[in-house]
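The structure file start13.txt is reproduced below (compact mmCIF, C-alpha atoms).
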# COMPACT_ATOMS: atom_id res chain seq x y z
CA MET A 1 -5.50 -22.30 -31.70
CA LYS A 2 -4.84 -23.14 -28.08
CA TYR A 3 -1.42 -22.19 -26.77
CA ASP A 4 0.28 -23.09 -23.51
CA VAL A 5 1.99 -20.02 -22.16
CA THR A 6 4.47 -19.97 -19.30
CA ILE A 7 4.96 -16.66 -17.53
CA THR A 8 7.75 -16.17 -15.03
CA ILE A 9 7.61 -13.17 -12.74
CA ALA A 10 10.79 -12.40 -10.82
CA LEU A 11 12.13 -9.57 -8.72
CA LYS A 12 14.42 -7.23 -10.63
CA GLU A 13 18.12 -7.78 -10.00
CA GLY A 14 19.22 -5.88 -6.96
CA MET A 15 15.78 -5.99 -5.32
CA LEU A 16 15.90 -7.48 -1.84
CA ASP A 17 14.46 -11.02 -1.91
CA PRO A 18 13.86 -11.86 1.77
CA GLU A 19 12.43 -15.31 1.06
CA ALA A 20 15.44 -16.24 -1.05
CA ARG A 21 17.76 -15.16 1.74
CA ALA A 22 15.95 -17.37 4.28
CA ILE A 23 15.80 -20.33 1.88
CA ARG A 24 19.48 -20.04 1.01
CA HIS A 25 20.30 -20.02 4.72
CA ALA A 26 18.14 -23.14 5.26
CA LEU A 27 19.86 -24.90 2.35
CA ALA A 28 23.25 -24.05 3.87
CA ASN A 29 22.10 -25.61 7.14
CA LEU A 30 21.46 -28.81 5.20
CA GLY A 31 24.93 -28.68 3.70
CA PHE A 32 23.99 -27.23 0.31
CA GLU A 33 26.27 -24.32 -0.52
CA THR A 34 24.80 -21.96 -3.10
CA GLU A 35 26.38 -18.92 -4.68
CA HIS A 36 23.18 -17.24 -5.70
CA LEU A 37 19.49 -17.93 -5.14
CA ARG A 38 16.47 -15.94 -6.25
CA THR A 39 12.79 -16.83 -6.06
CA ALA A 40 10.32 -16.40 -8.91
CA ARG A 41 6.69 -17.10 -9.57
CA LEU A 42 5.49 -19.14 -12.49
CA PHE A 43 2.08 -19.08 -14.18
CA ARG A 44 0.99 -21.73 -16.68
CA ILE A 45 -1.85 -20.42 -18.79
CA THR A 46 -3.70 -21.97 -21.69
CA LEU A 47 -5.35 -19.48 -24.00
CA ASP A 48 -6.90 -19.17 -27.41
CA ALA A 49 -5.14 -16.97 -29.96
CA PRO A 50 -4.81 -16.82 -33.76
CA THR A 51 -1.00 -17.10 -33.73
CA PRO A 52 1.82 -17.74 -31.20
CA GLU A 53 2.73 -14.04 -31.48
CA ASP A 54 -0.80 -13.08 -30.49
CA ALA A 55 -0.64 -15.49 -27.56
CA ARG A 56 2.60 -13.84 -26.44
CA THR A 57 1.17 -10.33 -26.80
CA GLU A 58 -1.88 -11.35 -24.77
CA ALA A 59 0.31 -12.84 -22.03
CA GLU A 60 2.49 -9.71 -21.95
CA LYS A 61 -0.64 -7.60 -21.51
CA MET A 62 -1.63 -9.80 -18.55
CA CYS A 63 1.77 -9.13 -17.01
CA GLU A 64 1.51 -5.38 -17.55
CA ARG A 65 -2.05 -5.11 -16.26
CA LEU A 66 -1.97 -7.47 -13.28
CA LEU A 67 0.54 -10.27 -12.89
CA ALA A 68 3.69 -8.17 -12.49
CA ASN A 69 4.31 -4.94 -10.62
CA PRO A 70 6.66 -2.89 -12.81
CA VAL A 71 8.20 -1.19 -9.76
CA ILE A 72 9.77 -4.44 -8.54
CA HIS A 73 9.28 -7.16 -11.16
CA HIS A 74 10.42 -8.21 -14.58
CA TYR A 75 8.78 -11.02 -16.48
CA THR A 76 9.43 -13.49 -19.26
CA VAL A 77 6.87 -15.18 -21.50
CA GLU A 78 7.35 -18.50 -23.26
CA VAL A 79 4.83 -19.83 -25.75
CA ALA A 80 4.83 -23.57 -26.50
CA GLU A 81 4.22 -24.26 -30.18
CA MET B 1 -19.45 16.54 4.80
CA ARG B 2 -19.54 12.86 4.00
CA PHE B 3 -16.90 10.17 4.20
CA ALA B 4 -16.93 6.72 2.58
CA VAL B 5 -15.15 3.63 3.85
CA VAL B 6 -14.89 1.11 1.01
CA GLN B 7 -15.31 -2.56 1.93
CA PHE B 8 -13.71 -5.30 -0.14
CA GLY B 9 -14.05 -9.01 0.48
CA GLY B 10 -11.41 -9.53 3.17
CA SER B 11 -11.38 -5.98 4.54
CA ASN B 12 -11.32 -6.22 8.32
CA CYS B 13 -10.59 -2.71 9.55
CA ASP B 14 -13.61 -1.21 7.78
CA ARG B 15 -15.82 -1.12 10.88
CA ASP B 16 -13.04 0.18 13.13
CA THR B 17 -12.44 3.00 10.68
CA HIS B 18 -16.16 3.69 10.39
CA HIS B 19 -16.43 3.73 14.19
CA VAL B 20 -13.66 6.32 14.56
CA LEU B 21 -15.06 8.55 11.83
CA ALA B 22 -18.74 8.30 12.78
CA GLU B 23 -18.61 7.89 16.55
CA VAL B 24 -15.35 9.51 17.65
CA CYS B 25 -15.03 12.27 15.04
CA GLY B 26 -18.79 12.57 14.50
CA VAL B 27 -18.81 12.84 10.70
CA GLU B 28 -21.38 11.24 8.38
CA THR B 29 -19.71 8.10 7.07
CA ASP B 30 -21.03 5.45 4.69
CA LEU B 31 -19.73 1.90 4.52
CA VAL B 32 -19.66 1.21 0.78
CA TRP B 33 -19.48 -2.33 -0.60
CA TYR B 34 -16.99 -2.24 -3.48
CA LYS B 35 -19.44 -3.77 -5.96
CA ASP B 36 -21.85 -0.88 -5.38
CA GLY B 37 -19.28 1.72 -6.46
CA LEU B 38 -19.31 5.29 -5.18
CA GLN B 39 -22.90 6.35 -5.85
CA GLN B 40 -22.31 9.99 -4.90
CA PRO B 41 -19.38 12.37 -4.62
CA TYR B 42 -17.68 11.96 -1.24
CA ASP B 43 -15.48 14.55 0.42
CA ALA B 44 -13.17 11.77 1.53
CA VAL B 45 -12.78 8.07 0.80
CA VAL B 46 -10.93 5.68 3.07
CA LEU B 47 -9.52 2.36 1.86
CA PRO B 48 -9.34 0.36 5.09
CA GLY B 49 -6.97 -2.34 6.25
CA GLY B 50 -7.49 -6.06 5.91
CA PHE B 51 -6.60 -8.84 3.54
CA SER B 52 -8.59 -8.14 0.41
CA TYR B 53 -8.72 -11.21 -1.82
CA GLY B 54 -6.61 -13.08 0.72
CA ASP B 55 -3.55 -11.07 -0.35
CA TYR B 56 -3.43 -13.39 -3.40
CA LEU B 57 -0.86 -12.49 -6.06
CA ARG B 58 0.38 -9.40 -4.15
CA ALA B 59 -1.31 -7.62 -1.25
CA GLY B 60 -3.80 -5.16 -2.71
CA ALA B 61 -3.17 -6.15 -6.34
CA ILE B 62 -6.58 -7.63 -7.08
CA ALA B 63 -8.67 -5.04 -5.20
CA ALA B 64 -6.72 -2.31 -7.02
CA ARG B 65 -8.15 -3.59 -10.30
CA THR B 66 -11.82 -3.68 -9.31
CA PRO B 67 -14.21 -1.19 -10.99
CA VAL B 68 -14.74 0.85 -7.79
CA MET B 69 -11.13 1.99 -8.14
CA GLN B 70 -12.12 3.97 -11.25
CA ASP B 71 -14.53 5.93 -9.02
CA ILE B 72 -11.75 6.42 -6.49
CA LEU B 73 -9.21 7.53 -9.10
CA ARG B 74 -11.80 10.02 -10.35
CA HIS B 75 -12.36 11.31 -6.81
CA ALA B 76 -8.59 11.72 -6.45
CA LYS B 77 -8.37 13.62 -9.74
CA GLU B 78 -11.16 15.94 -8.57
CA GLY B 79 -9.04 16.81 -5.53
CA ARG B 80 -11.16 14.88 -3.03
CA LEU B 81 -9.31 13.20 -0.16
CA ILE B 82 -8.29 9.55 -0.40
CA LEU B 83 -6.67 7.79 2.57
CA GLY B 84 -5.31 4.25 2.25
CA ILE B 85 -4.49 2.45 5.50
CA CYS B 86 -2.39 -0.75 5.51
CA ASN B 87 -4.10 -3.00 2.96
CA GLY B 88 -5.70 0.22 1.72
CA ALA B 89 -2.19 1.61 1.22
CA GLN B 90 -1.20 -1.49 -0.72
CA ILE B 91 -4.35 -1.15 -2.85
CA GLY B 92 -3.65 2.55 -3.40
CA SER B 93 -0.08 2.00 -4.52
CA GLU B 94 -1.11 -0.90 -6.78
CA ALA B 95 -3.71 1.40 -8.34
CA GLY B 96 -1.08 4.07 -8.99
CA LEU B 97 -2.46 6.62 -6.51
CA VAL B 98 1.09 7.10 -5.23
CA PRO B 99 4.44 6.15 -6.77
CA GLY B 100 6.36 3.12 -5.51
CA THR B 101 4.92 0.00 -3.93
CA PHE B 102 4.75 -2.07 -0.75
CA THR B 103 6.30 -5.51 -0.71
CA LEU B 104 7.41 -8.30 1.62
CA ASN B 105 9.01 -7.12 4.88
CA ALA B 106 12.82 -7.35 4.94
CA TYR B 107 12.38 -9.97 7.65
CA PRO B 108 9.63 -11.88 5.90
CA LYS B 109 7.18 -12.24 8.80
CA PHE B 110 3.95 -10.61 9.92
CA ILE B 111 4.71 -7.81 12.40
CA SER B 112 2.03 -6.55 14.79
CA ARG B 113 3.18 -3.98 17.35
CA HIS B 114 3.31 -0.32 18.21
CA VAL B 115 5.99 1.74 16.47
CA HIS B 116 6.97 5.40 16.49
CA LEU B 117 6.57 7.69 13.51
CA ARG B 118 8.10 11.09 12.89
CA VAL B 119 5.84 13.59 11.19
CA GLU B 120 7.66 14.94 8.13
CA ASN B 121 4.97 17.17 6.63
CA ASP B 122 2.58 19.30 8.69
CA THR B 123 0.84 21.15 5.88
CA SER B 124 -0.95 18.35 3.97
CA PRO B 125 -4.72 17.73 4.28
CA PHE B 126 -3.86 14.65 6.37
CA THR B 127 -1.17 15.99 8.68
CA SER B 128 -1.98 19.65 9.39
CA ALA B 129 -3.01 18.84 12.98
CA TYR B 130 0.57 17.75 13.71
CA ARG B 131 3.75 19.75 13.85
CA LYS B 132 6.77 18.74 11.82
CA GLY B 133 9.02 16.58 13.96
CA ASP B 134 6.21 15.31 16.21
CA VAL B 135 6.78 11.71 17.29
CA ILE B 136 3.62 9.62 17.43
CA LYS B 137 2.99 6.10 18.69
CA ILE B 138 0.79 4.00 16.44
CA PRO B 139 0.43 0.28 15.63
CA ILE B 140 1.49 -1.59 12.51
CA ALA B 141 0.18 -5.03 11.49
CA HIS B 142 1.48 -6.28 8.16
CA LYS B 143 3.72 -8.68 6.28
CA GLU B 144 3.99 -6.77 3.01
CA GLY B 145 4.71 -3.26 4.21
CA ARG B 146 8.22 -2.51 3.01
CA TYR B 147 7.97 0.61 0.90
CA VAL B 148 10.06 0.37 -2.26
CA ALA B 149 10.58 3.00 -4.94
CA PRO B 150 13.32 3.80 -7.44
CA PRO B 151 15.92 6.31 -6.14
CA GLY B 152 14.66 9.06 -8.45
CA VAL B 153 11.15 8.68 -7.06
CA VAL B 154 12.35 8.83 -3.45
CA GLU B 155 14.31 11.96 -4.29
CA THR B 156 11.18 13.57 -5.77
CA LEU B 157 9.09 12.58 -2.73
CA ASN B 158 11.67 14.20 -0.44
CA ARG B 159 12.01 17.31 -2.57
CA GLU B 160 8.27 17.84 -2.92
CA GLY B 161 7.53 17.19 0.75
CA ARG B 162 5.50 14.10 -0.11
CA VAL B 163 6.87 11.97 2.70
CA ALA B 164 4.30 12.24 5.49
CA PHE B 165 5.75 9.81 8.04
CA ARG B 166 8.96 7.90 8.70
CA PHE B 167 9.57 5.13 11.20
CA CYS B 168 11.73 6.44 14.05
CA ASP B 169 12.71 5.65 17.62
CA GLU B 170 11.06 7.11 20.72
CA GLU B 171 13.26 10.20 20.48
CA GLY B 172 12.40 10.78 16.82
CA GLN B 173 15.70 9.53 15.43
CA VAL B 174 15.25 7.86 12.03
CA THR B 175 17.57 4.85 12.32
CA PRO B 176 17.89 1.40 10.72
CA GLU B 177 16.97 -0.12 14.10
CA SER B 178 13.66 1.79 14.20
CA ASN B 179 12.72 0.60 10.70
CA PRO B 180 10.55 -2.48 11.35
CA ASN B 181 10.14 -3.64 7.75
CA GLY B 182 13.09 -2.29 5.76
CA SER B 183 11.21 0.50 3.98
CA VAL B 184 13.42 2.77 1.90
CA GLU B 185 14.54 5.73 4.04
CA ASN B 186 12.10 4.52 6.76
CA ILE B 187 9.21 5.93 4.67
CA THR B 188 5.75 4.68 5.66
CA GLY B 189 3.41 7.55 4.80
CA ILE B 190 3.34 8.86 1.23
CA LEU B 191 1.39 11.78 -0.20
CA GLY B 192 0.04 11.62 -3.73
CA GLY B 193 -2.34 13.56 -5.93
CA SER B 194 -1.87 17.01 -7.44
CA ALA B 195 -2.68 18.74 -4.13
CA CYS B 196 -1.33 16.07 -1.77
CA ASN B 197 -4.98 15.00 -1.53
CA VAL B 198 -4.04 11.31 -1.37
CA MET B 199 -2.18 9.63 1.46
CA VAL B 200 -1.28 5.99 1.95
CA MET B 201 0.29 4.65 5.12
CA MET B 202 1.03 1.22 6.55
CA PRO B 203 0.40 2.11 10.25
CA HIS B 204 -3.17 2.07 11.58
CA PRO B 205 -4.38 5.48 12.79
CA GLU B 206 -7.86 4.07 13.45
CA ARG B 207 -6.33 1.76 16.06
CA ALA B 208 -4.77 4.74 17.81
CA SER B 209 -7.65 7.17 17.94
CA GLU B 210 -8.92 6.68 21.50
CA THR B 211 -6.89 6.83 24.72
CA VAL B 212 -8.47 3.56 25.87
CA LEU B 213 -6.54 1.88 23.04
CA GLY B 214 -3.19 3.07 24.40
CA SER B 215 -2.72 5.98 22.00
CA ASP B 216 -4.91 8.59 20.38
CA ALA B 217 -2.13 10.03 18.24
CA GLY B 218 -3.75 8.76 15.07
CA ILE B 219 -6.98 10.72 15.35
CA ARG B 220 -5.21 13.88 14.24
CA ILE B 221 -5.04 12.40 10.75
CA PHE B 222 -8.84 12.20 10.60
CA ASN B 223 -9.15 15.60 12.30
CA SER B 224 -6.77 17.10 9.72
CA MET B 225 -8.96 15.74 6.93
CA ILE B 226 -12.11 17.15 8.53
CA THR B 227 -10.49 20.57 9.00
CA HIS B 228 -9.31 20.55 5.39
CA ILE B 229 -12.80 19.74 4.12
CA GLU B 230 -14.36 22.42 6.33
CA GLN B 231 -11.92 25.00 5.01
CA HIS B 232 -11.90 23.99 1.35
CA GLY B 233 -15.41 22.60 0.90

Before anything else, please render the file you have as structure tokens.
Amino acid sequence: MKYDVTITIALKEGMLDPEARAIRHALANLGFETEHLRTARLFRITLDAPTPEDARTEAEKMCERLLANPVIHHYTVEVAE
Amino acid sequence: MRFAVVQFGGSNCDRDTHHVLAEVCGVETDLVWYKDGLQQPYDAVVLPGGFSYGDYLRAGAIAARTPVMQDILRHAKEGRLILGICNGAQIGSEAGLVPGTFTLNAYPKFISRHVHLRVENDTSPFTSAYRKGDVIKIPIAHKEGRYVAPPGVVETLNREGRVAFRFCDEEGQVTPESNPNGSVENITGILGGSACNVMVMMPHPERASETVLGSDAGIRIFNSMITHIEQHG
């Protein structure tokens, strides 16, 4: 089965997010007041796996091995049925 | 005695580093293309600066997962010297050679200028030619050079004397103003390995190894390594 997997990699709460700070400032300059803004990175991956659980496990392995850096990131995986 | 400088696609300080080692320090030094792996045991391996894999994903992340890194991790385990400079430091931290990691500067821009470093450890294989408290002038050139590590890790680094260099001002004061990238506790040189036989640093000692370049304060890192190898084989 082919599964579409969405992986979101974000900085852990409390980690300085310099890009977010600059973007929030730029939004404020345009009149958009925000209370909180964080950036994240999204990967859309299509992969072959026997079950959705296997697709998730595979995606989590990708995060652990390469896509995320455990020192600064956490990640979430969504598998579309 | 033989050094290796490992070249990845996008390395751009490989030849500078080779020049300093081979021509200025006068040690046998091989430029090793990463796909060739380390074909022999080297006394020291240098991961040079640059933009391996275009800094895609995270600086150093992709190079850190190439097969040559297994050779380098093995060299580190055997107690051989590994030095990561700038992108080499990012690769080294991504490969787990030292704890913590380097990420986007607090002010998220590329910074290229001379800074001052305070020597925090004068007994390691990389820093024995300095004296603790020495202030050296050396250039940085990076966008992802902010050293980050959990508080417990920083505490261990401090306790075990594994901080080699901190950003400081001209007088050697470690202040927020003298921290160009927001690194935790101004740390920019970290010692790893069981015998402090690994060091990663964001500043570029190879760009400060000849007086004609404005500073030769960096050459003592390479000289320390050479002395260590001469004494320990």

Would you kindly return, as a list in words, each protein, DNA or RNA residue with an atom no farther than 12 Å from any atom of Thr211 (chain B), considering only C-alpha atoms and excluding same-chain residues fewer than 6 positions away?
->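 Residues near the query, excluding close chain neighbours: Val24, Lys137, Ile138, Ala217, Gly218 and Ile219 of chain B.
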
In the coordinates of the file, take the point (5.1, -7.0, -16.7) and a cut-off of 9 Å; then, counting all atoms listed in the file, name each qualifying protein, DNA or RNA residue as number ranges by chain.
-> A: 9, 60-70, 73-76

What's the 9 Å shell around Val79 (chain A), counting only C-alpha atoms, without same-chain residues fewer than 6 positions away, as a list in words?
-> Tyr3, Asp4, Val5, Thr6, Ile7, Pro52, Glu53, Ala55 and Arg56 of chain A

Residue list for chain B near chain A as a ChimeraX atom specification, 12 Å, all atoms listed in the file = /B:56-66,90,93-96,98-109,143-144,146-151,153,181-184

Pick from B:Glu23, B:Arg220, B:Asn158, B:Arg166, whichever lies nearest to Pro180 (chain B) using all atoms listed in the file =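 Checking each candidate against Pro180 (chain B), we get B:Arg166 as the closest.
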
Rounded to one decimal in Å, what is the spacing between CA of Asn121 (chain B) and CA of Glu78 (chain B)?
->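 It comes out at 22.2 Å.
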
Enclose all atoms of region 55-69 of chain B listed in the file in an axis-aligned box, grow every side by 4 Å, and hand back centre and edge lengths in Å to one decimal, as lines of an AutoDock Vina configuration file.
center_x = -7.2
center_y = -5.7
center_z = -5.7
size_x = 23.1
size_y = 23.4
size_z = 18.6

Expressed in Å, the length from CA of Trp33 (chain B) to CA of Gly50 (chain B) is 14.1 Å

Restricting to all atoms listed in the file, whichever of A:Glu78, A:Thr8, A:Leu37, A:Ala59 is closest to Ala20 (chain A) is A:Leu37

Which distance in Å separates CA of Pro203 (chain B) and CA of Ser124 (chain B), to one decimal?
->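 Computing the Euclidean distance for CA of Pro203 (chain B) and CA of Ser124 (chain B) yields 17.5 Å.
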
Env of Pro41 (chain B): 12 Å cut, atoms = all atoms listed in the file, seq-sep filter 4 positions within chain, self excluded. Answer as a short mmCIF file (atom, residue, chain, number, x, y, z; two decimals) with C-alpha atoms, keeping the file's coordinate frame.
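What landed in selection-v1.cif:
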data_model
loop_
_atom_site.label_atom_id
_atom_site.label_comp_id
_atom_site.auth_asym_id
_atom_site.auth_seq_id
_atom_site.Cartn_x
_atom_site.Cartn_y
_atom_site.Cartn_z
CA MET B 1 -19.45 16.54 4.80
CA ARG B 2 -19.54 12.86 4.00
CA PHE B 3 -16.90 10.17 4.20
CA ALA B 4 -16.93 6.72 2.58
CA ASP B 30 -21.03 5.45 4.69
CA GLY B 37 -19.28 1.72 -6.46
CA VAL B 45 -12.78 8.07 0.80
CA ASP B 71 -14.53 5.93 -9.02
CA ILE B 72 -11.75 6.42 -6.49
CA ARG B 74 -11.80 10.02 -10.35
CA HIS B 75 -12.36 11.31 -6.81
CA ALA B 76 -8.59 11.72 -6.45
CA GLU B 78 -11.16 15.94 -8.57
CA GLY B 79 -9.04 16.81 -5.53
CA ARG B 80 -11.16 14.88 -3.03
CA LEU B 81 -9.31 13.20 -0.16
#

Could you name the residues that touch region 225-230 of chain B at 7 Å or less, counting only C-alpha atoms, but leaving out those on the same chain fewer than 6 positions away, as a PyMOL selection string?
-> chain B and resi 43+125-126

Just to be explicit: take each residue in the selection above, keep C-alpha atoms, and write the result as a short mmCIF file (atom, residue, chain, number, x, y, z; two decimals), in the coordinates of the input.
data_model
loop_
_atom_site.label_atom_id
_atom_site.label_comp_id
_atom_site.auth_asym_id
_atom_site.auth_seq_id
_atom_site.Cartn_x
_atom_site.Cartn_y
_atom_site.Cartn_z
CA ASP B 43 -15.48 14.55 0.42
CA PRO B 125 -4.72 17.73 4.28
CA PHE B 126 -3.86 14.65 6.37
#

Step by step: start from the point (15.5, -13.2, -8.3) in the file's coordinates, keep every protein, DNA or RNA residue that has an atom no farther than 6 Å from it, count all atoms listed in the file, and write the set as a list in words.
->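 Final list of nearby residues, as requested, is Ala10, Leu11, Arg38 and Thr39 of chain A.
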
Starting from the incomplete input, reconstruct N, CA and C atoms of region 197-221 of chain B and write that as an mmCIF file, in the coordinates of the input.
data_model
loop_
_atom_site.group_PDB
_atom_site.id
_atom_site.type_symbol
_atom_site.label_atom_id
_atom_site.label_comp_id
_atom_site.auth_asym_id
_atom_site.auth_seq_id
_atom_site.Cartn_x
_atom_site.Cartn_y
_atom_site.Cartn_z
ATOM 1 N N ASN B 197 -3.653 15.376 -2.006
ATOM 2 C CA ASN B 197 -4.980 15.000 -1.530
ATOM 3 C C ASN B 197 -5.146 13.486 -1.401
ATOM 4 N N VAL B 198 -4.037 12.763 -1.573
ATOM 5 C CA VAL B 198 -4.040 11.310 -1.370
ATOM 6 C C VAL B 198 -2.949 10.999 -0.356
ATOM 7 N N MET B 199 -3.248 10.122 0.591
ATOM 8 C CA MET B 199 -2.180 9.630 1.460
ATOM 9 C C MET B 199 -2.356 8.131 1.672
ATOM 10 N N VAL B 200 -1.261 7.408 1.568
ATOM 11 C CA VAL B 200 -1.280 5.990 1.950
ATOM 12 C C VAL B 200 -0.257 5.788 3.050
ATOM 13 N N MET B 201 -0.600 4.922 3.985
ATOM 14 C CA MET B 201 0.290 4.650 5.120
ATOM 15 C C MET B 201 0.079 3.226 5.620
ATOM 16 N N MET B 202 1.163 2.574 6.015
ATOM 17 C CA MET B 202 1.030 1.220 6.550
ATOM 18 C C MET B 202 0.513 1.218 7.992
ATOM 19 N N PRO B 203 0.921 2.134 8.876
ATOM 20 C CA PRO B 203 0.400 2.110 10.250
ATOM 21 C C PRO B 203 -1.101 2.386 10.301
ATOM 22 N N HIS B 204 -1.709 2.028 11.421
ATOM 23 C CA HIS B 204 -3.170 2.070 11.580
ATOM 24 C C HIS B 204 -3.619 3.215 12.475
ATOM 25 N N PRO B 205 -3.924 4.386 11.923
ATOM 26 C CA PRO B 205 -4.380 5.480 12.790
ATOM 27 C C PRO B 205 -5.708 5.178 13.481
ATOM 28 N N GLU B 206 -6.557 4.354 12.838
ATOM 29 C CA GLU B 206 -7.860 4.070 13.450
ATOM 30 C C GLU B 206 -7.716 3.197 14.702
ATOM 31 N N ARG B 207 -6.560 2.551 14.852
ATOM 32 C CA ARG B 207 -6.330 1.760 16.060
ATOM 33 C C ARG B 207 -5.634 2.592 17.129
ATOM 34 N N ALA B 208 -5.425 3.857 16.847
ATOM 35 C CA ALA B 208 -4.770 4.740 17.810
ATOM 36 C C ALA B 208 -5.520 6.064 17.825
ATOM 37 N N SER B 209 -6.833 5.968 18.000
ATOM 38 C CA SER B 209 -7.650 7.170 17.940
ATOM 39 C C SER B 209 -8.483 7.371 19.212
ATOM 40 N N GLU B 210 -8.233 6.541 20.219
ATOM 41 C CA GLU B 210 -8.920 6.680 21.500
ATOM 42 C C GLU B 210 -7.925 6.291 22.594
ATOM 43 N N THR B 211 -7.893 7.078 23.674
ATOM 44 C CA THR B 211 -6.890 6.830 24.720
ATOM 45 C C THR B 211 -7.029 5.425 25.314
ATOM 46 N N VAL B 212 -8.257 4.900 25.306
ATOM 47 C CA VAL B 212 -8.470 3.560 25.870
ATOM 48 C C VAL B 212 -7.672 2.504 25.081
ATOM 49 N N LEU B 213 -7.304 2.827 23.868
ATOM 50 C CA LEU B 213 -6.540 1.880 23.040
ATOM 51 C C LEU B 213 -5.026 2.064 23.208
ATOM 52 N N GLY B 214 -4.617 2.926 24.135
ATOM 53 C CA GLY B 214 -3.190 3.070 24.400
ATOM 54 C C GLY B 214 -2.558 4.262 23.702
ATOM 55 N N SER B 215 -3.228 4.800 22.700
ATOM 56 C CA SER B 215 -2.720 5.980 22.000
ATOM 57 C C SER B 215 -3.864 6.597 21.212
ATOM 58 N N ASP B 216 -3.924 7.924 21.244
ATOM 59 C CA ASP B 216 -4.910 8.590 20.380
ATOM 60 C C ASP B 216 -4.201 9.506 19.386
ATOM 61 N N ALA B 217 -2.935 9.178 19.126
ATOM 62 C CA ALA B 217 -2.130 10.030 18.240
ATOM 63 C C ALA B 217 -2.590 9.974 16.798
ATOM 64 N N GLY B 218 -3.345 8.930 16.461
ATOM 65 C CA GLY B 218 -3.750 8.760 15.070
ATOM 66 C C GLY B 218 -4.948 9.607 14.683
ATOM 67 N N ILE B 219 -5.722 10.026 15.693
ATOM 68 C CA ILE B 219 -6.980 10.720 15.350
ATOM 69 C C ILE B 219 -6.708 12.051 14.663
ATOM 70 N N ARG B 220 -5.502 12.589 14.860
ATOM 71 C CA ARG B 220 -5.210 13.880 14.240
ATOM 72 C C ARG B 220 -5.158 13.779 12.717
ATOM 73 N N ILE B 221 -4.958 12.570 12.206
ATOM 74 C CA ILE B 221 -5.040 12.400 10.750
ATOM 75 C C ILE B 221 -6.477 12.664 10.286
#
